[in-house]
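Structure file input27.txt (compact mmCIF, C-alpha atoms and all ligand atoms) follows.
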```
# COMPACT_ATOMS: atom_id res chain seq x y z
CA MET L 162 17.45 -48.08 60.34
CA THR L 163 14.10 -47.04 58.91
CA LEU L 164 13.42 -45.13 55.74
CA SER L 165 10.72 -43.03 57.30
CA ALA L 166 9.92 -41.42 60.58
CA ARG L 167 6.18 -41.73 59.96
CA PRO L 168 4.10 -43.59 62.53
CA LEU L 169 3.39 -46.26 59.92
CA ARG L 170 4.83 -49.74 60.40
CA ALA L 171 4.08 -53.39 59.75
CA ARG L 172 4.54 -55.41 62.92
CA ILE L 173 5.47 -58.98 62.06
CA HIS L 174 4.55 -61.60 64.65
CA LEU L 175 7.09 -64.39 64.14
CA ASP L 176 5.48 -66.61 66.76
CA ALA L 177 2.23 -66.47 64.81
CA ILE L 178 4.04 -67.72 61.70
CA LEU L 179 5.51 -70.62 63.67
CA HIS L 180 2.06 -71.38 65.10
CA ASN L 181 0.55 -71.37 61.60
CA TYR L 182 3.31 -73.63 60.25
CA ARG L 183 2.60 -76.12 63.06
CA LEU L 184 -1.10 -75.91 62.25
CA ALA L 185 -0.37 -76.82 58.61
CA LYS L 186 1.70 -79.79 59.78
CA ALA L 187 -1.04 -80.87 62.19
CA CYS L 188 -3.56 -80.82 59.31
CA ALA L 189 -1.38 -83.26 57.35
CA PRO L 190 0.52 -85.18 60.05
CA SER L 191 2.17 -87.67 57.73
CA ALA L 192 3.35 -85.11 55.18
CA ARG L 193 6.44 -82.98 55.15
CA ALA L 194 6.03 -79.25 54.50
CA LEU L 195 7.74 -76.69 52.33
CA ALA L 196 7.07 -73.28 53.87
CA VAL L 197 6.43 -70.99 50.91
CA VAL L 198 8.46 -67.80 51.40
CA LYS L 199 8.44 -66.49 47.83
CA ALA L 200 7.91 -62.76 47.22
CA ASN L 201 9.81 -61.82 50.39
CA ALA L 202 7.63 -64.22 52.40
CA TYR L 203 4.48 -62.58 51.08
CA GLY L 204 5.85 -59.21 52.20
CA HIS L 205 6.77 -60.37 55.73
CA GLY L 206 10.56 -60.48 55.11
CA ALA L 207 11.88 -63.79 53.76
CA VAL L 208 15.12 -63.90 55.76
CA ARG L 209 13.55 -63.24 59.14
CA VAL L 210 10.62 -65.56 58.46
CA ALA L 211 12.90 -68.36 57.24
CA GLN L 212 15.21 -67.93 60.23
CA ALA L 213 12.22 -68.20 62.57
CA LEU L 214 10.96 -71.37 60.84
CA ALA L 215 14.32 -72.98 60.06
CA PRO L 216 14.57 -75.14 63.22
CA GLU L 217 11.27 -76.85 62.30
CA ALA L 218 10.64 -76.41 58.58
CA ASP L 219 11.19 -79.44 56.36
CA GLY L 220 12.09 -77.01 53.60
CA PHE L 221 11.29 -73.72 51.93
CA ALA L 222 9.86 -72.82 48.53
CA VAL L 223 10.69 -69.67 46.56
CA ALA L 224 10.02 -68.37 43.06
CA CYS L 225 13.54 -68.00 41.72
CA VAL L 226 17.27 -68.51 42.29
CA GLY L 227 17.71 -64.94 43.56
CA GLU L 228 15.20 -65.50 46.34
CA ALA L 229 16.87 -68.81 47.24
CA LEU L 230 20.39 -67.35 47.36
CA GLU L 231 19.20 -64.62 49.70
CA LEU L 232 18.18 -67.37 52.13
CA ARG L 233 21.41 -69.34 51.69
CA GLU L 234 23.47 -66.18 52.29
CA SER L 235 21.59 -65.59 55.53
CA GLY L 236 22.57 -69.05 56.75
CA ILE L 237 19.48 -71.10 55.86
CA CYS L 238 20.58 -74.72 55.27
CA ASN L 239 17.15 -76.37 54.91
CA PRO L 240 16.11 -77.79 51.53
CA ILE L 241 14.86 -75.07 49.15
CA LEU L 242 12.65 -75.62 46.10
CA LEU L 243 12.51 -73.27 43.09
CA LEU L 244 8.78 -73.26 42.31
CA GLU L 245 9.21 -72.22 38.68
CA GLY L 246 12.50 -74.01 38.20
CA VAL L 247 15.34 -72.30 36.39
CA PHE L 248 14.97 -69.63 33.71
CA SER L 249 18.23 -70.45 31.88
CA PRO L 250 20.73 -73.33 31.82
CA ASP L 251 23.27 -71.19 33.72
CA GLU L 252 20.97 -71.15 36.70
CA ILE L 253 21.39 -74.91 37.08
CA THR L 254 25.03 -74.26 38.00
CA LEU L 255 23.89 -71.80 40.67
CA ALA L 256 21.23 -74.21 41.89
CA ASP L 257 23.79 -77.02 42.05
CA ARG L 258 26.26 -74.94 44.06
CA ALA L 259 23.56 -73.82 46.49
CA ALA L 260 21.87 -77.25 46.67
CA LEU L 261 18.51 -76.00 45.40
CA ALA L 262 15.80 -78.37 44.25
CA MET L 263 13.98 -77.26 41.11
CA VAL L 264 10.63 -77.68 39.47
CA VAL L 265 10.79 -78.96 35.89
CA HIS L 266 7.61 -77.85 34.15
CA CYS L 267 8.44 -77.94 30.43
CA PRO L 268 10.52 -79.83 27.85
CA GLN L 269 13.08 -77.01 27.65
CA GLN L 270 13.86 -77.21 31.38
CA LEU L 271 14.04 -80.99 31.07
CA ASP L 272 16.65 -80.68 28.30
CA TRP L 273 18.67 -78.25 30.42
CA VAL L 274 18.63 -80.67 33.38
CA LEU L 275 19.69 -83.62 31.22
CA ALA L 276 22.53 -81.60 29.64
CA ALA L 277 23.83 -80.27 32.98
CA ARG L 278 26.97 -81.63 34.63
CA PRO L 279 26.26 -80.93 38.28
CA ALA L 280 28.68 -81.68 41.11
CA ARG L 281 25.95 -83.50 43.04
CA PRO L 282 22.68 -85.15 42.00
CA LEU L 283 19.92 -82.68 41.07
CA GLN L 284 16.62 -82.78 42.96
CA CYS L 285 13.76 -82.29 40.52
CA TRP L 286 10.03 -81.84 41.03
CA ILE L 287 8.20 -82.63 37.78
CA LYS L 288 5.10 -80.52 37.43
CA ILE L 289 1.99 -82.03 35.89
CA ASP L 290 -0.67 -79.74 34.44
CA SER L 291 -3.70 -81.42 35.99
CA GLY L 292 -6.07 -78.65 34.91
CA MET L 293 -4.76 -75.21 35.87
CA HIS L 294 -3.47 -74.88 32.31
CA ARG L 295 -0.63 -72.53 33.14
CA VAL L 296 2.57 -74.56 33.34
CA GLY L 297 3.44 -78.26 33.65
CA PHE L 298 3.54 -81.35 31.49
CA ALA L 299 0.23 -82.52 30.06
CA PRO L 300 -0.85 -85.70 31.87
CA GLY L 301 -0.20 -87.70 28.69
CA ASP L 302 3.40 -86.43 28.46
CA PHE L 303 4.33 -87.04 32.08
CA GLN L 304 5.45 -90.69 31.85
CA GLN L 305 7.93 -89.96 29.07
CA ALA L 306 9.31 -86.91 30.89
CA TYR L 307 9.68 -88.97 34.05
CA ALA L 308 11.39 -91.79 32.17
CA ARG L 309 13.95 -89.40 30.69
CA LEU L 310 14.67 -87.83 34.07
CA SER L 311 14.90 -91.04 36.02
CA ALA L 312 17.27 -92.56 33.46
CA CYS L 313 19.64 -89.64 33.94
CA PRO L 314 22.72 -90.50 36.06
CA HIS L 315 22.92 -87.14 37.78
CA LEU L 316 19.36 -87.17 39.12
CA GLY L 317 18.61 -87.57 42.81
CA LEU L 318 15.14 -87.24 44.29
CA VAL L 319 12.25 -86.92 41.83
CA VAL L 320 8.88 -85.68 43.10
CA ALA L 321 5.66 -85.42 41.09
CA MET L 322 3.70 -82.24 41.74
CA THR L 323 0.71 -80.27 40.57
CA HIS L 324 -1.12 -77.11 41.58
CA PHE L 325 -4.85 -76.50 42.08
CA ALA L 326 -6.87 -73.77 40.42
CA ARG L 327 -9.91 -73.85 42.71
CA ALA L 328 -8.94 -75.52 45.99
CA ASP L 329 -10.25 -72.45 47.81
CA GLU L 330 -13.79 -73.45 46.78
CA PRO L 331 -14.44 -76.44 49.07
CA GLU L 332 -17.74 -77.27 47.34
CA HIS L 333 -16.40 -77.07 43.80
CA PRO L 334 -15.73 -80.37 42.02
CA TYR L 335 -12.83 -79.07 39.92
CA THR L 336 -10.27 -80.08 42.55
CA LEU L 337 -11.57 -83.66 42.23
CA VAL L 338 -11.14 -83.41 38.45
CA GLN L 339 -7.53 -82.31 38.99
CA LEU L 340 -6.88 -85.06 41.58
CA ASP L 341 -8.16 -87.60 39.09
CA ALA L 342 -6.04 -86.23 36.22
CA PHE L 343 -2.96 -86.27 38.46
CA GLY L 344 -3.66 -89.85 39.56
CA ARG L 345 -4.08 -91.05 36.00
CA ALA L 346 -0.88 -89.32 34.86
CA LEU L 347 1.03 -91.08 37.62
CA GLY L 348 -0.49 -94.49 36.93
CA SER L 349 1.21 -97.17 38.99
CA LEU L 350 4.34 -95.09 39.56
CA GLU L 351 5.17 -94.83 43.26
CA ILE L 352 7.16 -91.65 43.80
CA PRO L 353 6.68 -88.84 46.33
CA CYS L 354 3.87 -86.45 45.43
CA SER L 355 3.07 -82.83 46.26
CA LEU L 356 -0.26 -81.20 45.49
CA ALA L 357 -1.55 -79.09 48.36
CA ASN L 358 -1.38 -75.31 48.75
CA SER L 359 -2.94 -73.72 51.86
CA ALA L 360 -6.52 -74.14 50.67
CA ALA L 361 -6.00 -77.83 49.92
CA ILE L 362 -4.19 -78.36 53.25
CA LEU L 363 -7.28 -77.02 55.03
CA ALA L 364 -10.07 -78.33 52.81
CA TRP L 365 -8.86 -81.31 50.74
CA PRO L 366 -7.22 -83.97 52.96
CA GLN L 367 -7.04 -86.42 50.04
CA ALA L 368 -4.52 -84.02 48.45
CA HIS L 369 -2.05 -84.02 51.36
CA ARG L 370 0.22 -86.88 50.16
CA ASP L 371 3.98 -86.55 50.82
CA TRP L 372 4.77 -82.83 50.71
CA ILE L 373 2.41 -79.94 51.45
CA ARG L 374 3.17 -76.36 50.33
CA PRO L 375 1.62 -73.88 52.78
CA GLY L 376 1.87 -70.23 51.74
CA ILE L 377 -0.84 -67.75 52.70
CA MET L 378 -1.86 -69.74 55.79
CA LEU L 379 1.60 -69.25 57.30
CA TYR L 380 0.85 -65.55 57.32
CA GLY L 381 -2.46 -66.08 59.09
CA ALA L 382 -4.85 -65.20 56.29
CA SER L 383 -7.58 -67.56 55.23
CA PRO L 384 -7.34 -68.74 51.63
CA PHE L 385 -11.14 -68.92 51.56
CA ALA L 386 -13.53 -66.10 50.73
CA ASP L 387 -15.69 -67.16 53.68
CA ALA L 388 -14.22 -68.58 56.87
CA GLY L 389 -13.31 -72.14 55.94
CA ALA L 390 -12.31 -75.34 57.65
CA GLY L 391 -9.45 -74.81 60.08
CA ALA L 392 -8.85 -71.23 59.00
CA ALA L 393 -10.31 -69.94 62.27
CA GLU L 394 -7.24 -71.16 64.15
CA LEU L 395 -4.79 -69.17 62.04
CA LEU L 396 -3.10 -66.23 63.75
CA PRO L 397 -2.54 -63.05 61.69
CA ALA L 398 1.20 -62.50 61.27
CA MET L 399 1.15 -58.90 60.07
CA THR L 400 -0.38 -55.88 61.78
CA LEU L 401 -0.23 -52.82 59.55
CA GLU L 402 -0.68 -49.76 61.75
CA SER L 403 -0.30 -46.02 61.68
CA ALA L 404 -1.62 -43.04 63.64
CA LEU L 405 -4.10 -40.19 63.40
CA ILE L 406 -2.37 -37.03 62.19
CA SER L 407 -5.42 -34.81 61.80
CA ILE L 408 -8.95 -34.60 63.18
CA ARG L 409 -11.55 -32.12 61.95
CA GLU L 410 -15.25 -31.40 62.31
CA LEU L 411 -17.10 -31.09 59.00
CA GLY L 412 -20.67 -30.21 58.16
CA PRO L 413 -23.36 -31.64 55.87
CA GLY L 414 -22.35 -31.22 52.22
CA ASP L 415 -18.60 -30.98 52.88
CA PRO L 416 -16.62 -33.19 50.48
CA VAL L 417 -13.65 -35.24 51.72
CA GLY L 418 -10.45 -35.84 49.74
CA TYR L 419 -9.77 -36.13 46.01
CA ALA L 420 -12.72 -35.72 43.69
CA GLY L 421 -15.02 -35.36 46.69
CA ARG L 422 -15.93 -39.00 46.46
CA PHE L 423 -17.36 -38.87 49.94
CA VAL L 424 -19.66 -36.04 51.00
CA CYS L 425 -20.69 -35.63 54.64
CA ASP L 426 -24.42 -36.13 55.10
CA ARG L 427 -24.47 -34.74 58.65
CA PRO L 428 -22.05 -33.12 61.07
CA MET L 429 -19.08 -35.48 61.06
CA ARG L 430 -15.69 -35.86 62.65
CA VAL L 431 -13.14 -36.94 60.06
CA GLY L 432 -9.68 -38.32 60.84
CA VAL L 433 -6.59 -38.60 58.68
CA ALA L 434 -4.22 -41.57 59.06
CA ALA L 435 -0.62 -41.46 57.84
CA VAL L 436 -0.79 -44.30 55.33
CA GLY L 437 -1.68 -44.32 51.66
CA TYR L 438 -1.46 -46.23 48.43
CA ALA L 439 2.28 -45.60 48.11
CA ASP L 440 2.65 -47.74 51.22
CA GLY L 441 0.60 -50.52 49.69
CA TYR L 442 -2.83 -49.72 51.06
CA PRO L 443 -5.22 -50.34 48.15
CA ARG L 444 -6.27 -47.15 46.39
CA HIS L 445 -9.49 -48.84 45.35
CA ALA L 446 -10.73 -49.24 48.93
CA LYS L 447 -14.39 -48.28 48.84
CA ASP L 448 -16.19 -46.01 51.30
CA GLY L 449 -17.06 -48.32 54.18
CA THR L 450 -13.89 -50.41 54.13
CA PRO L 451 -13.28 -51.45 57.75
CA ILE L 452 -10.47 -49.78 59.66
CA ALA L 453 -9.81 -49.80 63.43
CA VAL L 454 -9.05 -46.83 65.69
CA ASN L 455 -7.84 -47.71 69.18
CA GLY L 456 -9.17 -51.21 68.55
CA ARG L 457 -12.66 -49.97 67.59
CA LEU L 458 -14.10 -50.55 64.15
CA SER L 459 -14.70 -47.60 61.87
CA ARG L 460 -14.78 -47.06 58.11
CA VAL L 461 -12.73 -45.52 55.34
CA ILE L 462 -14.36 -42.49 53.73
CA GLY L 463 -13.09 -40.70 50.61
CA ARG L 464 -10.39 -41.72 48.18
CA VAL L 465 -7.14 -43.10 49.53
CA SER L 466 -4.29 -40.66 48.76
CA MET L 467 -0.63 -41.48 48.22
CA ASP L 468 0.50 -40.88 51.81
CA MET L 469 -2.75 -40.33 53.72
CA MET L 470 -6.26 -41.60 53.99
CA THR L 471 -9.45 -40.35 55.62
CA LEU L 472 -11.76 -42.16 58.00
CA ASP L 473 -14.94 -41.61 59.94
CA LEU L 474 -14.42 -40.76 63.61
CA THR L 475 -17.96 -39.52 64.26
CA ASP L 476 -18.89 -42.50 66.43
CA ILE L 477 -15.45 -43.06 67.93
CA GLU L 478 -15.37 -41.33 71.28
CA HIS L 479 -12.16 -39.92 72.67
CA ALA L 480 -10.14 -40.15 69.44
CA HIS L 481 -7.01 -38.04 69.71
CA LEU L 482 -4.12 -37.05 67.48
CA GLY L 483 -1.51 -39.79 67.57
CA ASP L 484 -4.03 -42.54 68.31
CA ARG L 485 -3.36 -45.93 66.76
CA VAL L 486 -5.03 -46.85 63.48
CA GLU L 487 -4.97 -50.50 62.37
CA LEU L 488 -5.29 -51.12 58.64
CA TRP L 489 -5.29 -54.91 59.05
CA GLY L 490 -3.96 -57.38 61.59
CA ARG L 491 -5.28 -58.82 64.81
CA THR L 492 -8.40 -56.64 65.01
CA LEU L 493 -9.22 -56.69 61.31
CA ALA L 494 -8.63 -59.63 58.98
CA ALA L 495 -6.66 -58.68 55.86
CA THR L 496 -9.01 -60.91 53.86
CA ASP L 497 -11.97 -58.72 54.90
CA VAL L 498 -10.15 -55.51 54.01
CA ALA L 499 -9.09 -57.02 50.68
CA ARG L 500 -12.66 -57.88 49.75
CA TRP L 501 -13.60 -54.18 49.89
CA SER L 502 -11.04 -53.54 47.15
CA ASP L 503 -12.00 -56.57 45.06
CA THR L 504 -8.68 -58.23 45.83
CA ILE L 505 -7.16 -60.87 48.13
CA ALA L 506 -4.92 -60.75 51.19
CA TYR L 507 -2.04 -62.11 49.08
CA GLN L 508 -1.99 -58.87 47.11
CA LEU L 509 -2.25 -56.65 50.20
CA PHE L 510 0.70 -58.40 51.86
CA THR L 511 2.95 -58.51 48.81
CA GLY L 512 2.08 -54.91 47.98
CA ILE L 513 3.53 -53.48 51.21
CA SER L 514 6.11 -51.04 49.91
CA ARG L 515 9.74 -50.55 50.78
CA ARG L 516 9.12 -47.44 52.83
CA VAL L 517 7.07 -49.34 55.40
CA PRO L 518 9.37 -50.53 58.20
CA LEU L 519 8.89 -54.17 59.19
CA VAL L 520 9.16 -54.46 62.96
CA TYR L 521 9.73 -58.01 64.22
CA GLU L 522 8.09 -59.22 67.38
CA HIS L 523 7.93 -62.49 69.19
CA GLY L 524 4.45 -63.06 70.44
C1 LIG Z 1 2.66 -69.88 45.87
C2 LIG Z 1 2.52 -71.32 45.74
C3 LIG Z 1 2.03 -72.11 46.79
C4 LIG Z 1 1.45 -71.51 48.05
O1 LIG Z 1 0.10 -71.17 47.80
P1 LIG Z 1 -0.84 -70.58 48.96
O2 LIG Z 1 -2.17 -70.43 48.30
O3 LIG Z 1 -0.26 -69.26 49.34
O4 LIG Z 1 -0.81 -71.56 50.07
C5 LIG Z 1 2.03 -73.47 46.65
N1 LIG Z 1 2.48 -74.05 45.51
C6 LIG Z 1 2.93 -73.34 44.47
C7 LIG Z 1 3.39 -74.03 43.24
C8 LIG Z 1 2.96 -71.95 44.54
O5 LIG Z 1 3.40 -71.25 43.49
```

Represent the structure contained in this file as structure tokens.
Ligand SMILES: *Cc1c(COP(=O)(O)O)cnc(C)c1O
Amino acid sequence: MTLSARPLRARIHLDAILHNYRLAKACAPSARALAVVKANAYGHGAVRVAQALAPEADGFAVACVGEALELRESGICNPILLLEGVFSPDEITLADRAALAMVVHCPQQLDWVLAARPARPLQCWIKIDSGMHRVGFAPGDFQQAYARLSACPHLGLVVAMTHFARADEPEHPYTLVQLDAFGRALGSLEIPCSLANSAAILAWPQAHRDWIRPGIMLYGASPFADAGAGAAELLPAMTLESALISIRELGPGDPVGYAGRFVCDRPMRVGVAAVGYADGYPRHAKDGTPIAVNGRLSRVIGRVSMDMMTLDLTDIEHAHLGDRVELWGRTLAATDVARWSDTIAYQLFTGISRRVPLVYEHG
């Protein structure tokens, strides 16, 4: 069942996601990996992605209990981590029943865990704020938090974790500052550690440790602004495509679309693709944003509308109504498209709206 009969669809290449997961594991051969499938697997469909990875994934990571229960209800039995922990004490009961591991990032969550009476030992990942300054225990507070947790009779596995603010900048020393702060917080404690997101998996081997947390790389987008180490081997997992629904010849001085942002400077052939910002294509895409017609590169011209957008067909020979238009995917990296709207591939993927059918493909 699809919500729309438009030619627009997001093809999801499940084999590419499996390939990218294996690549993450190959980067950190001695670590286990939590495949991050929060936010509906970055827009790729959490259930289908998790089912494709389940035979190999050491575990999954999601943002909240609701996302985790969706996976459990679809038959996923792998370990699942709640990346922000629980938002109320009641959720510990749900997490206990569904065997969900949880991050503990603040004293309030710690109190809730200690006061809980779970049926089986709770798995907790204590988050240290090594320099992102968003959530987590200050390095100086970690030892006491750990001591309270580890003294608790209903605690199972305890992992120490942190998150990097600038791991996508391989030349920037701040990741080293965070590694050092994390190391000092831990002291001589020998417990499993987890630090690395996709950027750190690819660029900071010293951060690999016991558990890696690949997210964006699973979906085939580079976490780096410029092609970075290892990112070249990633396979794009989403191809967003639509079709040409109009072609017209315009003359010099003719404006195109809302507010006439683009004005033809010569005789031009202008195409309209059935996709717009209501589908998740960024409205802020500038004139010149790459777009592919029948596999050939062209450019966006004029403002993106809600359901349609306009593109330059002047130099594309033999373009016909119904021809395939790729917004991002195997011809065009989502990261490159994102840059033209001052954003990142993460936002493009998670912004795909409900009316875009996801079509699953192997291969
Ligand atoms: C989302 C998230 C990740 C994955 O990050 P990517 O940059 O997508 O690899 C890893 N760890 C935590 C705590 C996260 O919230």

Near-L:Leu310 list (10 Å; all atoms listed in the file; drop same-chain fewer than 5 positions) as an NGL selection string: :L and (265 or 271-272 or 274-275 or 285 or 287 or 304-305 or 315-317 or 319)

Which residues form the shell of 6 Å around ligand LIG 1 (chain Z) when you count all atoms listed in the file, given as a ChimeraX atom specification? /L:197,244,324,358-359,374-377

Would you pick out the contacts of stretch 179-184 of chain L at 9 Å or less, using only C-alpha atoms, so that residues sharing its chain but fewer than 5 positions from it are not included, and give the list as an mmCIF file with C-alpha atoms, in the coordinates of the input?
```cif
data_model
loop_
_atom_site.group_PDB
_atom_site.id
_atom_site.type_symbol
_atom_site.label_atom_id
_atom_site.label_comp_id
_atom_site.auth_asym_id
_atom_site.auth_seq_id
_atom_site.Cartn_x
_atom_site.Cartn_y
_atom_site.Cartn_z
ATOM 1 C CA ALA L 189 -1.380 -83.260 57.350
ATOM 2 C CA ALA L 194 6.030 -79.250 54.500
ATOM 3 C CA ALA L 196 7.070 -73.280 53.870
ATOM 4 C CA VAL L 210 10.620 -65.560 58.460
ATOM 5 C CA ALA L 213 12.220 -68.200 62.570
ATOM 6 C CA LEU L 214 10.960 -71.370 60.840
ATOM 7 C CA GLU L 217 11.270 -76.850 62.300
ATOM 8 C CA ALA L 218 10.640 -76.410 58.580
ATOM 9 C CA PRO L 375 1.620 -73.880 52.780
ATOM 10 C CA MET L 378 -1.860 -69.740 55.790
ATOM 11 C CA LEU L 379 1.600 -69.250 57.300
ATOM 12 C CA TYR L 380 0.850 -65.550 57.320
ATOM 13 C CA GLY L 381 -2.460 -66.080 59.090
ATOM 14 C CA GLY L 391 -9.450 -74.810 60.080
ATOM 15 C CA GLU L 394 -7.240 -71.160 64.150
ATOM 16 C CA LEU L 395 -4.790 -69.170 62.040
ATOM 17 C CA LEU L 396 -3.100 -66.230 63.750
ATOM 18 C CA PRO L 397 -2.540 -63.050 61.690
ATOM 19 C CA ALA L 398 1.200 -62.500 61.270
#
```

Near-L:His266 list (9 Å; all atoms listed in the file; drop same-chain fewer than 4 positions) as a PyMOL selection string: chain L and resi 245-246+270-271+286-290+296-298

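Using all atoms listed in the file, the protein and nucleic acid residues lying no more than 8 Å from L:Asp426, apart from those fewer than 4 places from it along its own chain, are Gly412, Pro413 and Gly414 of chain L.
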
Dump of C-alpha atoms for the selected residues, as a PDB file, keeping the file's coordinate frame:
```pdb
ATOM      1  CA  GLY L 412     -20.670 -30.210  58.160  1.00  0.00           C
ATOM      2  CA  PRO L 413     -23.360 -31.640  55.870  1.00  0.00           C
ATOM      3  CA  GLY L 414     -22.350 -31.220  52.220  1.00  0.00           C
TER       4      GLY L 414
END
```

What is the atom CA of L:Ala259-atom CA of L:Ala200 distance in Å, reported with one decimal?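 Computing the Euclidean distance for atom CA of L:Ala259 and atom CA of L:Ala200 yields 19.2 Å.
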
List as a PDB file with C-alpha atoms, in the frame of the given file: which residues have an atom within 9 Å of (-3.8, -38.7, 50.4), counting only C-alpha atoms?
```
ATOM      1  CA  GLY L 418     -10.450 -35.840  49.740  1.00  0.00           C
ATOM      2  CA  TYR L 419      -9.770 -36.130  46.010  1.00  0.00           C
ATOM      3  CA  VAL L 433      -6.590 -38.600  58.680  1.00  0.00           C
ATOM      4  CA  ALA L 435      -0.620 -41.460  57.840  1.00  0.00           C
ATOM      5  CA  VAL L 436      -0.790 -44.300  55.330  1.00  0.00           C
ATOM      6  CA  GLY L 437      -1.680 -44.320  51.660  1.00  0.00           C
ATOM      7  CA  TYR L 438      -1.460 -46.230  48.430  1.00  0.00           C
ATOM      8  CA  ARG L 464     -10.390 -41.720  48.180  1.00  0.00           C
ATOM      9  CA  VAL L 465      -7.140 -43.100  49.530  1.00  0.00           C
ATOM     10  CA  SER L 466      -4.290 -40.660  48.760  1.00  0.00           C
ATOM     11  CA  MET L 467      -0.630 -41.480  48.220  1.00  0.00           C
ATOM     12  CA  ASP L 468       0.500 -40.880  51.810  1.00  0.00           C
ATOM     13  CA  MET L 469      -2.750 -40.330  53.720  1.00  0.00           C
ATOM     14  CA  MET L 470      -6.260 -41.600  53.990  1.00  0.00           C
ATOM     15  CA  THR L 471      -9.450 -40.350  55.620  1.00  0.00           C
TER      16      THR L 471
END
```

Show which residues sit within 12 Å of L:Gly227, as a list of chain:residue names. Count only C-alpha atoms, and ignore same-chain residues fewer than 4 positions away.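 Surrounding residues, per the criterion: L:Lys199, L:Ala200, L:Asn201, L:Ala207, L:Val223, L:Glu231, L:Leu232, L:Arg233, L:Glu234, L:Ile241, L:Leu243, L:Gly246, L:Val247, L:Phe248, L:Glu252, L:Leu255, L:Ala256, L:Ala259, L:Leu261.
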
Rank nothing, just name the residue among L:Arg281, L:Trp489, L:Cys238, L:Val226 nearest to L:Ala211, using all atoms listed in the file. L:Cys238

State, in Å with one decimal place, the distance from atom CA of L:Ala346 to atom CA of L:Val264.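 Atom-to-atom, atom CA of L:Ala346 to atom CA of L:Val264, that is 17.0 Å.
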
Which value, in Å to one decimal, gives the distance between atom CA of L:Pro190 and atom CA of L:Asn239?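 According to the coordinates, atom CA of L:Pro190 and atom CA of L:Asn239 are separated by 19.5 Å.
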
Size and centre in Å, one decimal, axis-aligned box, all listed stretch 472-488 of chain L atoms plus 8 Å per side, as JSON:
```
{"center_x": -10.2, "center_y": -44.1, "center_z": 65.3, "size_x": 33.4, "size_y": 30.1, "size_z": 30.7}
```

List every residue of stretch 384-458 of chain L that has an atom at most 8 Å from any atom of stretch 503-518 of chain L, giving for each one its closest atom pair and the distance in Å to one decimal, counting only C-alpha atoms, sorted by chain and then by ascending residue number, as a Markdown table.
```
| residue | atom | partner | partner_atom | distance |
| --- | --- | --- | --- | --- |
| L:Ala439 | CA | L:Ser514 | CA | 6.9 |
| L:Asp440 | CA | L:Ser514 | CA | 5.0 |
| L:Gly441 | CA | L:Ile513 | CA | 4.4 |
| L:Tyr442 | CA | L:Leu509 | CA | 7.0 |
| L:Pro443 | CA | L:Leu509 | CA | 7.3 |
```
